[in-house]
Each structure stands twice: as structure tokens, then as C-alpha cells.
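Data block for model.cif (mmCIF, C-alpha atoms):
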```
data_target
#
loop_
_atom_site.label_atom_id
_atom_site.label_comp_id
_atom_site.auth_asym_id
_atom_site.auth_seq_id
_atom_site.Cartn_x
_atom_site.Cartn_y
_atom_site.Cartn_z
CA MET U 1 -22.35 -4.79 -34.62
CA GLN U 2 -23.67 -7.61 -32.42
CA GLY U 3 -20.27 -7.99 -30.84
CA ARG U 4 -20.10 -4.28 -30.16
CA TRP U 5 -23.48 -4.20 -28.40
CA GLY U 6 -22.61 -7.40 -26.56
CA ALA U 7 -19.53 -5.69 -25.15
CA VAL U 8 -21.66 -2.71 -24.10
CA SER U 9 -24.21 -4.99 -22.40
CA GLY U 10 -21.43 -6.81 -20.60
CA ARG U 11 -19.98 -3.52 -19.39
CA ILE U 12 -23.39 -2.43 -18.07
CA LEU U 13 -23.78 -5.69 -16.15
CA GLN U 14 -20.28 -5.29 -14.69
CA ALA U 15 -21.14 -1.76 -13.59
CA ILE U 16 -24.11 -2.82 -11.46
CA PRO U 17 -22.01 -4.18 -8.53
CA VAL U 18 -19.81 -1.09 -8.77
CA LEU U 19 -22.82 1.22 -8.44
CA VAL U 20 -24.15 -0.81 -5.50
CA GLY U 21 -20.78 -0.54 -3.79
CA VAL U 22 -20.68 3.21 -4.44
CA VAL U 23 -24.11 3.64 -2.85
CA VAL U 24 -23.12 1.67 0.27
CA ILE U 25 -19.71 3.28 0.72
CA SER U 26 -20.93 6.84 0.11
CA PHE U 27 -23.77 6.31 2.61
CA LEU U 28 -21.42 5.04 5.32
CA LEU U 29 -18.73 7.65 4.71
CA THR U 30 -21.15 10.56 4.82
CA ARG U 31 -22.47 9.33 8.16
CA ALA U 32 -18.89 9.43 9.43
CA LEU U 33 -18.54 13.14 8.63
CA PRO U 34 -18.19 15.44 11.65
CA GLY U 35 -21.04 17.77 12.48
CA ASP U 36 -24.81 17.45 12.59
CA PRO U 37 -26.76 18.47 9.46
CA ALA U 38 -29.86 18.96 11.60
CA VAL U 39 -28.08 21.79 13.45
CA GLN U 40 -27.09 23.40 10.14
CA PHE U 41 -30.60 23.09 8.75
CA ALA U 42 -32.31 24.40 11.91
CA GLY U 43 -30.20 27.57 12.03
CA ALA U 44 -28.05 29.37 14.57
CA MET U 45 -30.98 30.39 16.83
CA ALA U 46 -32.57 26.94 16.96
CA THR U 47 -33.49 25.27 20.23
CA GLU U 48 -32.92 21.64 21.17
CA ASP U 49 -36.57 20.88 20.45
CA SER U 50 -36.45 22.42 16.97
CA ILE U 51 -33.19 20.60 16.20
CA GLN U 52 -34.78 17.33 17.26
CA GLN U 53 -37.79 18.05 15.05
CA VAL U 54 -35.48 18.68 12.09
CA ARG U 55 -33.56 15.50 12.87
CA GLU U 56 -36.80 13.53 12.84
CA ALA U 57 -37.90 15.21 9.61
CA LEU U 58 -34.60 14.27 7.96
CA GLY U 59 -34.83 10.71 9.29
CA LEU U 60 -31.56 11.02 11.22
CA ASP U 61 -33.15 9.76 14.44
CA LYS U 62 -33.66 6.29 12.97
CA PRO U 63 -31.14 3.41 13.17
CA LEU U 64 -28.47 3.35 10.47
CA PRO U 65 -29.81 0.26 8.63
CA GLN U 66 -33.27 1.83 8.48
CA GLN U 67 -31.79 5.08 7.17
CA PHE U 68 -30.02 3.10 4.45
CA LEU U 69 -33.19 1.29 3.40
CA ILE U 70 -35.06 4.59 3.22
CA TYR U 71 -32.23 6.09 1.14
CA VAL U 72 -32.22 3.14 -1.30
CA GLY U 73 -36.01 3.36 -1.63
CA GLN U 74 -35.72 7.05 -2.48
CA LEU U 75 -33.00 6.31 -5.04
CA LEU U 76 -35.19 3.77 -6.78
CA GLN U 77 -37.82 6.50 -7.12
CA GLY U 78 -35.26 8.95 -8.55
CA ASP U 79 -35.18 11.00 -5.35
CA LEU U 80 -31.67 11.99 -4.22
CA GLY U 81 -32.96 13.85 -1.17
CA ARG U 82 -32.94 17.52 -0.28
CA SER U 83 -29.78 19.54 0.25
CA VAL U 84 -29.39 21.12 3.69
CA SER U 85 -27.16 23.89 2.36
CA THR U 86 -29.38 25.05 -0.53
CA GLY U 87 -32.80 23.83 0.59
CA GLN U 88 -33.38 22.45 -2.92
CA PRO U 89 -33.65 18.85 -4.15
CA VAL U 90 -30.19 17.44 -4.79
CA ALA U 91 -31.24 16.26 -8.26
CA ALA U 92 -32.21 19.83 -9.17
CA ASP U 93 -28.91 21.20 -7.82
CA LEU U 94 -26.90 18.65 -9.80
CA ALA U 95 -28.91 19.28 -12.96
CA GLN U 96 -28.23 23.01 -12.55
CA ARG U 97 -24.51 22.73 -11.85
CA LEU U 98 -23.40 19.69 -13.85
CA PRO U 99 -23.63 21.38 -17.30
CA ALA U 100 -21.34 24.16 -16.05
CA SER U 101 -18.66 21.64 -15.03
CA LEU U 102 -19.12 19.61 -18.21
CA GLU U 103 -18.82 22.69 -20.42
CA LEU U 104 -15.63 23.77 -18.66
CA THR U 105 -14.09 20.28 -18.65
CA LEU U 106 -14.94 19.44 -22.26
CA THR U 107 -13.64 22.80 -23.51
CA ALA U 108 -10.41 22.29 -21.57
CA LEU U 109 -9.98 18.79 -23.01
CA ILE U 110 -10.56 20.04 -26.55
CA LEU U 111 -7.93 22.72 -26.07
CA SER U 112 -5.44 20.32 -24.50
CA CYS U 113 -5.97 17.68 -27.20
CA ALA U 114 -5.51 20.28 -29.93
CA VAL U 115 -2.05 21.00 -28.50
CA ALA U 116 -0.99 17.78 -26.78
CA ILE U 117 -1.71 15.23 -29.52
CA PRO U 118 0.11 17.04 -32.39
CA LEU U 119 2.94 17.89 -29.99
CA GLY U 120 3.22 14.28 -28.85
CA ILE U 121 3.29 13.04 -32.45
CA LEU U 122 5.99 15.54 -33.44
CA ALA U 123 8.04 14.70 -30.35
CA ALA U 124 7.84 10.98 -31.13
CA THR U 125 8.90 11.44 -34.75
CA ARG U 126 11.78 13.76 -33.76
CA PRO U 127 13.26 12.35 -30.54
CA GLY U 128 15.89 14.57 -28.98
CA SER U 129 14.94 17.61 -31.06
CA TRP U 130 13.81 20.97 -29.71
CA ILE U 131 10.19 19.87 -30.20
CA ASP U 132 10.82 16.86 -28.02
CA GLN U 133 12.41 19.08 -25.37
CA LEU U 134 9.47 21.49 -25.58
CA CYS U 135 7.10 18.57 -25.02
CA ARG U 136 9.06 17.53 -21.93
CA VAL U 137 9.02 21.08 -20.56
CA LEU U 138 5.26 21.46 -21.07
CA VAL U 139 4.60 18.07 -19.48
CA THR U 140 6.74 18.92 -16.47
CA ALA U 141 5.17 22.36 -16.10
CA GLY U 142 1.65 20.99 -16.44
CA VAL U 143 2.22 18.44 -13.71
CA SER U 144 4.18 20.75 -11.39
CA LEU U 145 2.11 23.94 -11.44
CA PRO U 146 -1.01 23.81 -9.25
CA THR U 147 -4.19 24.77 -11.07
CA PHE U 148 -5.08 27.49 -8.57
CA PHE U 149 -1.66 29.12 -9.07
CA THR U 150 -1.99 29.00 -12.85
CA GLY U 151 -5.49 30.46 -12.64
CA ILE U 152 -4.41 33.30 -10.37
CA VAL U 153 -1.47 34.15 -12.67
CA LEU U 154 -3.74 34.21 -15.73
CA ILE U 155 -6.23 36.45 -13.92
CA TYR U 156 -3.45 38.80 -12.81
CA VAL U 157 -1.96 39.10 -16.30
CA PHE U 158 -5.01 39.14 -18.58
CA TYR U 159 -7.60 40.77 -16.28
CA TYR U 160 -5.61 43.01 -13.91
CA LEU U 161 -2.60 44.03 -16.01
CA LEU U 162 -3.83 43.88 -19.60
CA GLY U 163 -7.55 44.31 -18.98
CA ILE U 164 -8.52 42.12 -21.94
CA ALA U 165 -10.31 39.40 -19.96
CA PRO U 166 -13.67 39.82 -18.22
CA SER U 167 -13.99 39.66 -14.45
CA PRO U 168 -13.54 36.07 -13.24
CA LEU U 169 -16.96 35.86 -11.62
CA GLY U 170 -18.99 32.97 -12.98
CA ARG U 171 -20.20 31.92 -16.40
CA LEU U 172 -21.46 35.30 -17.63
CA ASP U 173 -20.70 38.93 -16.89
CA PHE U 174 -23.43 40.89 -15.12
CA ILE U 175 -24.30 42.81 -18.30
CA TYR U 176 -25.66 39.62 -19.92
CA LEU U 177 -28.70 37.51 -19.16
CA ASP U 178 -28.50 33.73 -19.08
CA PRO U 179 -29.64 32.20 -22.38
CA PRO U 180 -32.87 30.17 -22.37
CA ARG U 181 -31.98 26.82 -20.85
CA VAL U 182 -32.00 23.93 -23.31
CA THR U 183 -28.83 21.96 -22.63
CA GLY U 184 -27.32 23.96 -19.77
CA PHE U 185 -24.24 24.67 -21.91
CA PHE U 186 -24.20 28.44 -22.32
CA LEU U 187 -22.35 28.32 -25.65
CA ILE U 188 -24.85 25.87 -27.14
CA ASP U 189 -27.93 27.54 -25.64
CA ALA U 190 -26.85 31.01 -26.78
CA ALA U 191 -26.20 29.66 -30.28
CA LEU U 192 -29.61 27.96 -30.37
CA ASP U 193 -31.20 31.23 -29.25
CA GLY U 194 -29.34 33.15 -31.95
CA ASP U 195 -27.87 35.52 -29.36
CA GLY U 196 -24.39 36.29 -30.66
CA ALA U 197 -23.55 38.84 -27.94
CA THR U 198 -24.32 36.37 -25.13
CA TRP U 199 -22.38 33.63 -26.96
CA VAL U 200 -19.30 35.85 -27.19
CA GLY U 201 -19.71 36.86 -23.53
CA ALA U 202 -19.95 33.22 -22.43
CA LEU U 203 -16.89 32.33 -24.52
CA LYS U 204 -14.86 35.15 -22.96
CA GLN U 205 -15.77 33.96 -19.47
CA LEU U 206 -14.84 30.40 -20.41
CA ILE U 207 -11.42 31.06 -21.95
CA LEU U 208 -9.29 31.63 -18.84
CA PRO U 209 -10.65 28.78 -16.68
CA ALA U 210 -10.54 26.43 -19.70
CA ILE U 211 -6.90 27.34 -20.40
CA THR U 212 -6.07 26.85 -16.72
CA LEU U 213 -7.56 23.37 -16.75
CA ALA U 214 -6.13 22.60 -20.20
CA LEU U 215 -2.57 23.29 -19.02
CA PHE U 216 -3.11 20.68 -16.32
CA THR U 217 -4.70 18.05 -18.58
CA LEU U 218 -2.19 18.65 -21.37
CA ALA U 219 0.61 16.88 -19.52
CA PRO U 220 -0.72 13.29 -19.34
CA ILE U 221 -2.20 13.43 -22.85
CA ALA U 222 1.02 14.67 -24.45
CA ARG U 223 3.13 12.19 -22.50
CA MET U 224 0.92 9.23 -23.44
CA THR U 225 0.72 10.32 -27.10
CA ARG U 226 4.50 10.56 -27.32
CA ALA U 227 5.05 7.17 -25.63
CA ALA U 228 2.37 5.41 -27.67
CA MET U 229 3.63 6.84 -30.95
CA MET U 230 7.24 5.89 -30.20
CA SER U 231 6.13 2.36 -29.39
CA ALA U 232 4.05 2.15 -32.56
CA LEU U 233 6.80 3.57 -34.79
CA SER U 234 9.25 0.92 -33.55
CA ALA U 235 6.89 -1.97 -34.35
CA ASP U 236 7.57 -4.49 -37.09
CA TYR U 237 4.50 -3.62 -39.16
CA ILE U 238 5.73 -0.01 -39.47
CA ARG U 239 9.08 -1.19 -40.79
CA THR U 240 7.25 -3.48 -43.22
CA ALA U 241 5.01 -0.62 -44.39
CA ARG U 242 8.03 1.60 -44.96
CA ALA U 243 9.84 -1.18 -46.82
CA ALA U 244 6.76 -1.60 -49.03
CA GLY U 245 7.19 2.01 -50.15
CA LEU U 246 4.13 3.51 -48.47
CA GLY U 247 4.16 7.27 -48.05
CA ARG U 248 5.26 8.89 -44.80
CA GLY U 249 1.81 10.30 -44.10
CA LYS U 250 0.13 6.92 -44.66
CA VAL U 251 2.60 5.16 -42.37
CA LEU U 252 2.47 7.83 -39.69
CA TYR U 253 -1.25 8.51 -39.51
CA GLY U 254 -2.84 5.51 -41.23
CA TYR U 255 -0.97 2.88 -39.23
CA ALA U 256 1.11 4.23 -36.34
CA PHE U 257 -1.29 6.88 -35.03
CA ARG U 258 -4.34 4.64 -35.36
CA ASN U 259 -2.71 1.98 -33.19
CA ALA U 260 -1.42 4.61 -30.76
CA LEU U 261 -4.96 5.95 -30.33
CA LEU U 262 -6.02 3.13 -28.01
CA PRO U 263 -3.88 4.15 -25.00
CA VAL U 264 -4.49 7.83 -25.81
CA VAL U 265 -8.27 7.32 -25.67
CA THR U 266 -7.88 5.46 -22.37
CA THR U 267 -5.86 8.35 -20.98
CA LEU U 268 -8.47 10.84 -22.19
CA GLY U 269 -11.18 8.92 -20.36
CA MET U 270 -9.17 8.79 -17.15
CA VAL U 271 -8.29 12.49 -17.35
CA PHE U 272 -11.90 13.48 -18.04
CA SER U 273 -13.33 11.47 -15.15
CA PHE U 274 -10.65 12.79 -12.78
CA VAL U 275 -10.84 16.43 -13.79
CA LEU U 276 -14.65 16.60 -13.78
CA GLY U 277 -14.76 15.88 -10.06
CA ALA U 278 -11.43 17.45 -9.10
CA ASN U 279 -11.59 20.85 -10.80
CA VAL U 280 -12.89 22.47 -7.63
CA LEU U 281 -9.82 24.72 -7.34
CA VAL U 282 -10.43 26.16 -10.79
CA GLU U 283 -14.11 26.61 -9.99
CA LYS U 284 -13.26 28.42 -6.76
CA VAL U 285 -10.68 30.72 -8.37
CA PHE U 286 -13.06 31.74 -11.18
CA ALA U 287 -16.29 31.55 -9.08
CA TRP U 288 -17.52 28.90 -11.52
CA PRO U 289 -20.83 27.38 -10.34
CA GLY U 290 -19.96 23.73 -10.96
CA ILE U 291 -20.43 20.51 -9.06
CA GLY U 292 -16.90 20.53 -7.64
CA SER U 293 -17.51 23.62 -5.52
CA TYR U 294 -20.99 22.28 -4.71
CA ALA U 295 -19.47 19.07 -3.30
CA VAL U 296 -16.91 20.94 -1.18
CA GLU U 297 -19.58 23.20 0.30
CA ALA U 298 -21.68 20.13 1.06
CA LEU U 299 -18.74 18.44 2.82
CA VAL U 300 -18.10 21.49 4.98
CA LEU U 301 -21.75 21.57 6.09
CA SER U 302 -22.01 17.76 6.50
CA ASP U 303 -24.77 17.81 3.89
CA TYR U 304 -25.36 14.07 3.57
CA ALA U 305 -27.80 14.14 0.67
CA ALA U 306 -25.69 16.50 -1.44
CA VAL U 307 -22.46 14.52 -0.92
CA GLN U 308 -24.17 11.22 -1.68
CA GLY U 309 -25.79 12.69 -4.79
CA PHE U 310 -22.45 14.04 -6.01
CA VAL U 311 -20.67 10.71 -5.52
CA LEU U 312 -23.47 8.79 -7.22
CA ALA U 313 -23.52 11.23 -10.15
CA MET U 314 -19.76 10.85 -10.58
CA ALA U 315 -20.08 7.06 -10.50
CA LEU U 316 -22.79 7.10 -13.17
CA LEU U 317 -20.72 9.43 -15.35
CA PHE U 318 -17.71 7.16 -14.94
CA VAL U 319 -19.74 4.11 -16.03
CA LEU U 320 -21.11 6.04 -19.00
CA LEU U 321 -17.62 7.16 -19.91
CA ASN U 322 -16.39 3.56 -19.87
CA LEU U 323 -19.17 2.65 -22.29
CA VAL U 324 -18.13 5.47 -24.62
CA ILE U 325 -14.50 4.32 -24.43
CA ASP U 326 -15.51 0.74 -25.29
CA LEU U 327 -17.44 1.99 -28.31
CA ALA U 328 -14.46 4.13 -29.33
CA TYR U 329 -12.20 1.06 -29.06
CA SER U 330 -14.44 -0.92 -31.40
CA VAL U 331 -14.43 1.96 -33.92
CA ILE U 332 -10.64 2.41 -33.77
CA ASP U 333 -9.85 -1.31 -33.78
CA PRO U 334 -12.63 -3.67 -35.03
CA ARG U 335 -10.91 -6.58 -33.28
CA PHE U 336 -12.46 -5.41 -29.99
CA GLY U 337 -15.93 -5.93 -31.43
CA SER U 338 -15.09 -9.33 -32.90
CA ALA U 339 -13.49 -10.46 -29.63
CA ALA U 340 -16.81 -10.03 -27.86
CA GLN U 341 -18.65 -12.33 -30.25
#
```
Any chance you could put this one into C-alpha cells?
Amino acid sequence: MQGRWGAVSGRILQAIPVLVGVVVISFLLTRALPGDPAVQFAGAMATEDSIQQVREALGLDKPLPQQFLIYVGQLLQGDLGRSVSTGQPVAADLAQRLPASLELTLTALILSCAVAIPLGILAATRPGSWIDQLCRVLVTAGVSLPTFFTGIVLIYVFYYLLGIAPSPLGRLDFIYLDPPRVTGFFLIDAALDGDGATWVGALKQLILPAITLALFTLAPIARMTRAAMMSALSADYIRTARAAGLGRGKVLYGYAFRNALLPVVTTLGMVFSFVLGANVLVEKVFAWPGIGSYAVEALVLSDYAAVQGFVLAMALLFVLLNLVIDLAYSVIDPRFGSAAQ
């Protein structure tokens, strides 16, 4: 246990320079964006004097080093600034939109893992069979088909042609009210509220975008599962276990799959961190109010505070995800915990 927490503490200390670098780079890159946020904030009918007043209010008239020091001081107080596009504090916008993206991404990963991991195991145990060929086809299709194309096809088939899917307009149809906010996850909040109709409505809205994203994330997970299982099954300890007369299930799942889990978990972490910030196309197609679409809108409007808040939030989530992966490593293979002692 001490080794496990020592590894976590070491990872936190290693993340501090990364977060500092993210703050500096995001600050400099946002200042390089074209456009003037003061003009956007002042409005189309603003005069030069009103634009200058807005620029002074936003602190954009000060030298760049002074702007950076002010920004860092606000960060230390938990203030991410105010969004020009929404007029709300960036922290409030992120808190409102992040659960929507997390719910979509986690649901998609659960769906993709439910298909990709068993498929990868079967493909590894039956190389060259039709299951192996099916795995290759799904991997190729998942990588090749753009998410926006897949989403549009699913909408056309299940909403327009068959009429069995709800309108792809956000997290809930207009006939439902949002559940009382506890976690921000509509499925969890509706269940906590005991509102079965809203829970079913939220699930229906979630199915198509989650499947769209799952088809994209399925490819790397299935490919890594297949490769890791084939490598594990060809190892000496597997041949020894088989020679000792252990059952097929014990060899396959008790030894081979447990050792193959390490690269699979790493791939899951990479896919999750990538998809959470890059699912903007799915969010746009299904009008999903997540942080991906929020970041794109902020970039278009040169909304410095919103872009910086988004980048910093993604960096913090990535650090947290690395901690979770380290803990998962120590659970899967205790040698990781003992190595840190």
C-alpha cells in the first residue's frame, strides 16, 4: 500500500511542471489568436471608446507579462476568468458542460469495451478465422469512417427512415425537464430523483451519439487487445501452464488476459483523454452541449479565458487519468506497487 501511494505521490510531483507548462503555453497561444475579444464583447454597434473601455476592463491593454501575472493570480484563487461568448464565468461554463461530455465519452467507452475486448480475445485465440477477419474489418472501418459521417448515417437511418430514435437535439427531448442537478450526469441524476420517464428519455438521446463515438474508439481497443493477447499466449509461462494441465479458462483469463490488461488499460486511458477533447464533431452533429463544442466556439470568437480554461481542464483531467491508470496497474500487477518501494 505504501508503495502504491508513493507512486501516486511521485506522479503528482511529476505533473506539476506539466501543468505549469500548460498554463504558459495556453496563455501565449491564445494571445496569438486572430481577432480582438474586446470587439466581440463590446458588440457590433460599439464605438472606439467603448471598445477601449472593454479592453481596459478585460486587462488587454496591459503588457503581456503583466497580463500573465494577473492570470496566474486569478488561477491561484480558482478564478478562470469570464467568457466573452457566454458572459458567464469560465469555471461555471465548464462545470455545466463537462458532465455532458463525460457522460457521452464514458458511455461510448463502455459500449466499445463490451464489444472490442471480447472480440480481441476471440480473434487472438482464433487467428485467421472469420472472427479474426471480422475484427480486422471493424478496426479498419472504425479508423476510416469519420465520426461526423457515422453520426449523420445513424441519424438518417434511425431517426429519419425508421423513426425509432428521438430528434438529435441535445441531451433531452423538449417534452422532458432536466433532472435536479446532483452530478450533472442525466442518467444518474434522473435515477437519484426516481424519475424513470426522464431516465429513459436521457438514455434514448444518448444512444446514437454514444454508438457513433463507440465505433471510433472500438478500433484501437480491439487492435490492442488482439495484439496483447497474442503476445501473452505465445509466452513461455502460458506453455508451462498448459503443460501443467491447467484448464483453458484458467490459462486464458487467469494468466494471459491479466497480463494483456496492462497495455489495454494504457490504450483505454489514451483513447479516453483523446476522445474527451476531440469529440466536437459528434457534439456538433447531435447538438450535444459538451466542452468540445464550447472550445470551438471560444476559438472562433478569440475568447481567451474560455480557451485557456478548456486547455487547463483537459490537462488536469489528463493528470487525474494518469493517476487512475497507475492505481489500475498496481491492482492488475502488484509488482508496480513493490517497484515503487
Selection result of the PyMOL selection byres ((chain U and resi 162-179) around 12) on this file, as number ranges by chain: U: 97, 99-101, 103-104, 151-152, 154-161, 180-210, 282-290
Any chance you could export the current selection's C-alpha atoms as a short mmCIF file (atom, residue, chain, number, x, y, z; two decimals), in the frame of the given file?
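Wrote part_3.cif, looks like this:
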```
data_model
loop_
_atom_site.label_atom_id
_atom_site.label_comp_id
_atom_site.auth_asym_id
_atom_site.auth_seq_id
_atom_site.Cartn_x
_atom_site.Cartn_y
_atom_site.Cartn_z
CA ARG U 97 -24.51 22.73 -11.85
CA PRO U 99 -23.63 21.38 -17.30
CA ALA U 100 -21.34 24.16 -16.05
CA SER U 101 -18.66 21.64 -15.03
CA GLU U 103 -18.82 22.69 -20.42
CA LEU U 104 -15.63 23.77 -18.66
CA GLY U 151 -5.49 30.46 -12.64
CA ILE U 152 -4.41 33.30 -10.37
CA LEU U 154 -3.74 34.21 -15.73
CA ILE U 155 -6.23 36.45 -13.92
CA TYR U 156 -3.45 38.80 -12.81
CA VAL U 157 -1.96 39.10 -16.30
CA PHE U 158 -5.01 39.14 -18.58
CA TYR U 159 -7.60 40.77 -16.28
CA TYR U 160 -5.61 43.01 -13.91
CA LEU U 161 -2.60 44.03 -16.01
CA PRO U 180 -32.87 30.17 -22.37
CA ARG U 181 -31.98 26.82 -20.85
CA VAL U 182 -32.00 23.93 -23.31
CA THR U 183 -28.83 21.96 -22.63
CA GLY U 184 -27.32 23.96 -19.77
CA PHE U 185 -24.24 24.67 -21.91
CA PHE U 186 -24.20 28.44 -22.32
CA LEU U 187 -22.35 28.32 -25.65
CA ILE U 188 -24.85 25.87 -27.14
CA ASP U 189 -27.93 27.54 -25.64
CA ALA U 190 -26.85 31.01 -26.78
CA ALA U 191 -26.20 29.66 -30.28
CA LEU U 192 -29.61 27.96 -30.37
CA ASP U 193 -31.20 31.23 -29.25
CA GLY U 194 -29.34 33.15 -31.95
CA ASP U 195 -27.87 35.52 -29.36
CA GLY U 196 -24.39 36.29 -30.66
CA ALA U 197 -23.55 38.84 -27.94
CA THR U 198 -24.32 36.37 -25.13
CA TRP U 199 -22.38 33.63 -26.96
CA VAL U 200 -19.30 35.85 -27.19
CA GLY U 201 -19.71 36.86 -23.53
CA ALA U 202 -19.95 33.22 -22.43
CA LEU U 203 -16.89 32.33 -24.52
CA LYS U 204 -14.86 35.15 -22.96
CA GLN U 205 -15.77 33.96 -19.47
CA LEU U 206 -14.84 30.40 -20.41
CA ILE U 207 -11.42 31.06 -21.95
CA LEU U 208 -9.29 31.63 -18.84
CA PRO U 209 -10.65 28.78 -16.68
CA ALA U 210 -10.54 26.43 -19.70
CA VAL U 282 -10.43 26.16 -10.79
CA GLU U 283 -14.11 26.61 -9.99
CA LYS U 284 -13.26 28.42 -6.76
CA VAL U 285 -10.68 30.72 -8.37
CA PHE U 286 -13.06 31.74 -11.18
CA ALA U 287 -16.29 31.55 -9.08
CA TRP U 288 -17.52 28.90 -11.52
CA PRO U 289 -20.83 27.38 -10.34
CA GLY U 290 -19.96 23.73 -10.96
#
```
With only C-alpha atoms as the counted atoms, please give the residues lying no more than 9 Å from U:Arg136, apart from itself and same-chain residues fewer than 2 positions off, as JSON, numbers by chain. {"U": [123, 131, 132, 133, 134, 138, 139, 140, 141, 219, 222, 223]}
Preceding selection exported with C-alpha atoms as an mmCIF file, keeping the file's coordinate frame:
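Generated output (out.cif):
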```cif
data_model
loop_
_atom_site.group_PDB
_atom_site.id
_atom_site.type_symbol
_atom_site.label_atom_id
_atom_site.label_comp_id
_atom_site.auth_asym_id
_atom_site.auth_seq_id
_atom_site.Cartn_x
_atom_site.Cartn_y
_atom_site.Cartn_z
ATOM 1 C CA ALA U 123 8.040 14.700 -30.350
ATOM 2 C CA ILE U 131 10.190 19.870 -30.200
ATOM 3 C CA ASP U 132 10.820 16.860 -28.020
ATOM 4 C CA GLN U 133 12.410 19.080 -25.370
ATOM 5 C CA LEU U 134 9.470 21.490 -25.580
ATOM 6 C CA LEU U 138 5.260 21.460 -21.070
ATOM 7 C CA VAL U 139 4.600 18.070 -19.480
ATOM 8 C CA THR U 140 6.740 18.920 -16.470
ATOM 9 C CA ALA U 141 5.170 22.360 -16.100
ATOM 10 C CA ALA U 219 0.610 16.880 -19.520
ATOM 11 C CA ALA U 222 1.020 14.670 -24.450
ATOM 12 C CA ARG U 223 3.130 12.190 -22.500
#
```
Tell me which protein, DNA and RNA residues are within 8 Å of U:Leu109, counting only C-alpha atoms, leaving out same-chain ones fewer than 2 positions away, and put them as a PyMOL selection string. chain U and resi 105-107+111-113+214+217-218+272
Write a file of the just-selected residues containing C-alpha atoms, as a compact mmCIF listing (two decimals), keeping the file's coordinate frame.
```
# COMPACT_ATOMS: atom_id res chain seq x y z
CA THR U 105 -14.09 20.28 -18.65
CA LEU U 106 -14.94 19.44 -22.26
CA THR U 107 -13.64 22.80 -23.51
CA LEU U 111 -7.93 22.72 -26.07
CA SER U 112 -5.44 20.32 -24.50
CA CYS U 113 -5.97 17.68 -27.20
CA ALA U 214 -6.13 22.60 -20.20
CA THR U 217 -4.70 18.05 -18.58
CA LEU U 218 -2.19 18.65 -21.37
CA PHE U 272 -11.90 13.48 -18.04
```
Could you tell me which residues the PyMOL selection byres ((chain U and resi 316) around 12) grabs in this file, written as an mmCIF file with C-alpha atoms, keeping the file's coordinate frame?
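Final output, saved to out_25.cif:
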```
data_model
loop_
_atom_site.group_PDB
_atom_site.id
_atom_site.type_symbol
_atom_site.label_atom_id
_atom_site.label_comp_id
_atom_site.auth_asym_id
_atom_site.auth_seq_id
_atom_site.Cartn_x
_atom_site.Cartn_y
_atom_site.Cartn_z
ATOM 1 C CA ILE U 12 -23.390 -2.430 -18.070
ATOM 2 C CA ALA U 15 -21.140 -1.760 -13.590
ATOM 3 C CA ILE U 16 -24.110 -2.820 -11.460
ATOM 4 C CA VAL U 18 -19.810 -1.090 -8.770
ATOM 5 C CA LEU U 19 -22.820 1.220 -8.440
ATOM 6 C CA VAL U 20 -24.150 -0.810 -5.500
ATOM 7 C CA VAL U 22 -20.680 3.210 -4.440
ATOM 8 C CA VAL U 23 -24.110 3.640 -2.850
ATOM 9 C CA SER U 273 -13.330 11.470 -15.150
ATOM 10 C CA GLY U 309 -25.790 12.690 -4.790
ATOM 11 C CA PHE U 310 -22.450 14.040 -6.010
ATOM 12 C CA VAL U 311 -20.670 10.710 -5.520
ATOM 13 C CA LEU U 312 -23.470 8.790 -7.220
ATOM 14 C CA ALA U 313 -23.520 11.230 -10.150
ATOM 15 C CA MET U 314 -19.760 10.850 -10.580
ATOM 16 C CA ALA U 315 -20.080 7.060 -10.500
ATOM 17 C CA LEU U 317 -20.720 9.430 -15.350
ATOM 18 C CA PHE U 318 -17.710 7.160 -14.940
ATOM 19 C CA VAL U 319 -19.740 4.110 -16.030
ATOM 20 C CA LEU U 320 -21.110 6.040 -19.000
ATOM 21 C CA LEU U 321 -17.620 7.160 -19.910
ATOM 22 C CA ASN U 322 -16.390 3.560 -19.870
ATOM 23 C CA LEU U 323 -19.170 2.650 -22.290
#
```
Grab the atom CA of U:Leu246 to atom CA of U:Leu261 distance for me, in Å with one decimal place.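 Separating atom CA of U:Leu246 from atom CA of U:Leu261 is a distance of 20.4 Å.
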For U:Leu60, list every protein, DNA or RNA residue within 12 Å, evaluated using all atoms listed in the file, and leave out those in the same chain fewer than 4 positions away; present the list as a PyMOL selection string. chain U and resi 31+36-39+51-56+64-68+70-71+304-305
What is the distance, in Å and to one decimal place, between atom CA of U:Val84 and atom CA of U:Asp61?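 Distance between the two atoms: 16.1 Å.
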For each of U:Gln74, U:Asn279, U:Thr266, U:Thr47, take the minimum atom-to-atom distance to U:Val90, counting all atoms listed in the file, then give the residue where this is smallest. U:Gln74
Apply the PyMOL selection byres ((chain U and resi 92) around 12) to the displayed file and report the matching residues as a list in words.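 Going through the file, the PyMOL selection byres ((chain U and resi 92) around 12) ends up selecting Gly78, Asp79, Leu80, Gly81, Arg82, Ser83, Thr86, Gly87, Gln88, Pro89, Val90, Ala91, Asp93, Leu94, Ala95, Gln96, Arg97, Leu98, Pro99, Ile291, Ala306, Gly309 and Phe310 of chain U.
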Report, in Å with one decimal, the straight-line distance from atom CA of U:Tyr255 to atom CA of U:Pro118. 15.8 Å
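Of the residues under consideration (U:Gly10, U:Ala228, U:Pro63, U:Thr125), U:Thr125 shows the shortest atom-to-atom contact distance to U:Arg248 when counting only C-alpha atoms.
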Assuming 5 Å of padding per side, give the centre and edge lengths of the axis-aligned box around every listed atom of stretch 46-57 of chain U, in Å to one decimal and as AutoDock Vina command-line options.
```
--center_x -35.2 --center_y 20.2 --center_z 15.4 --size_x 15.3 --size_y 23.4 --size_z 21.6
```
Point out the residue among U:Leu215, U:Leu102, U:Leu301, U:Val264 with the least atom-to-atom distance to U:Ala227, counting all atoms listed in the file.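 Of U:Leu215, U:Leu102, U:Leu301, U:Val264, the one nearest U:Ala227 is U:Val264, counting all atoms listed in the file.
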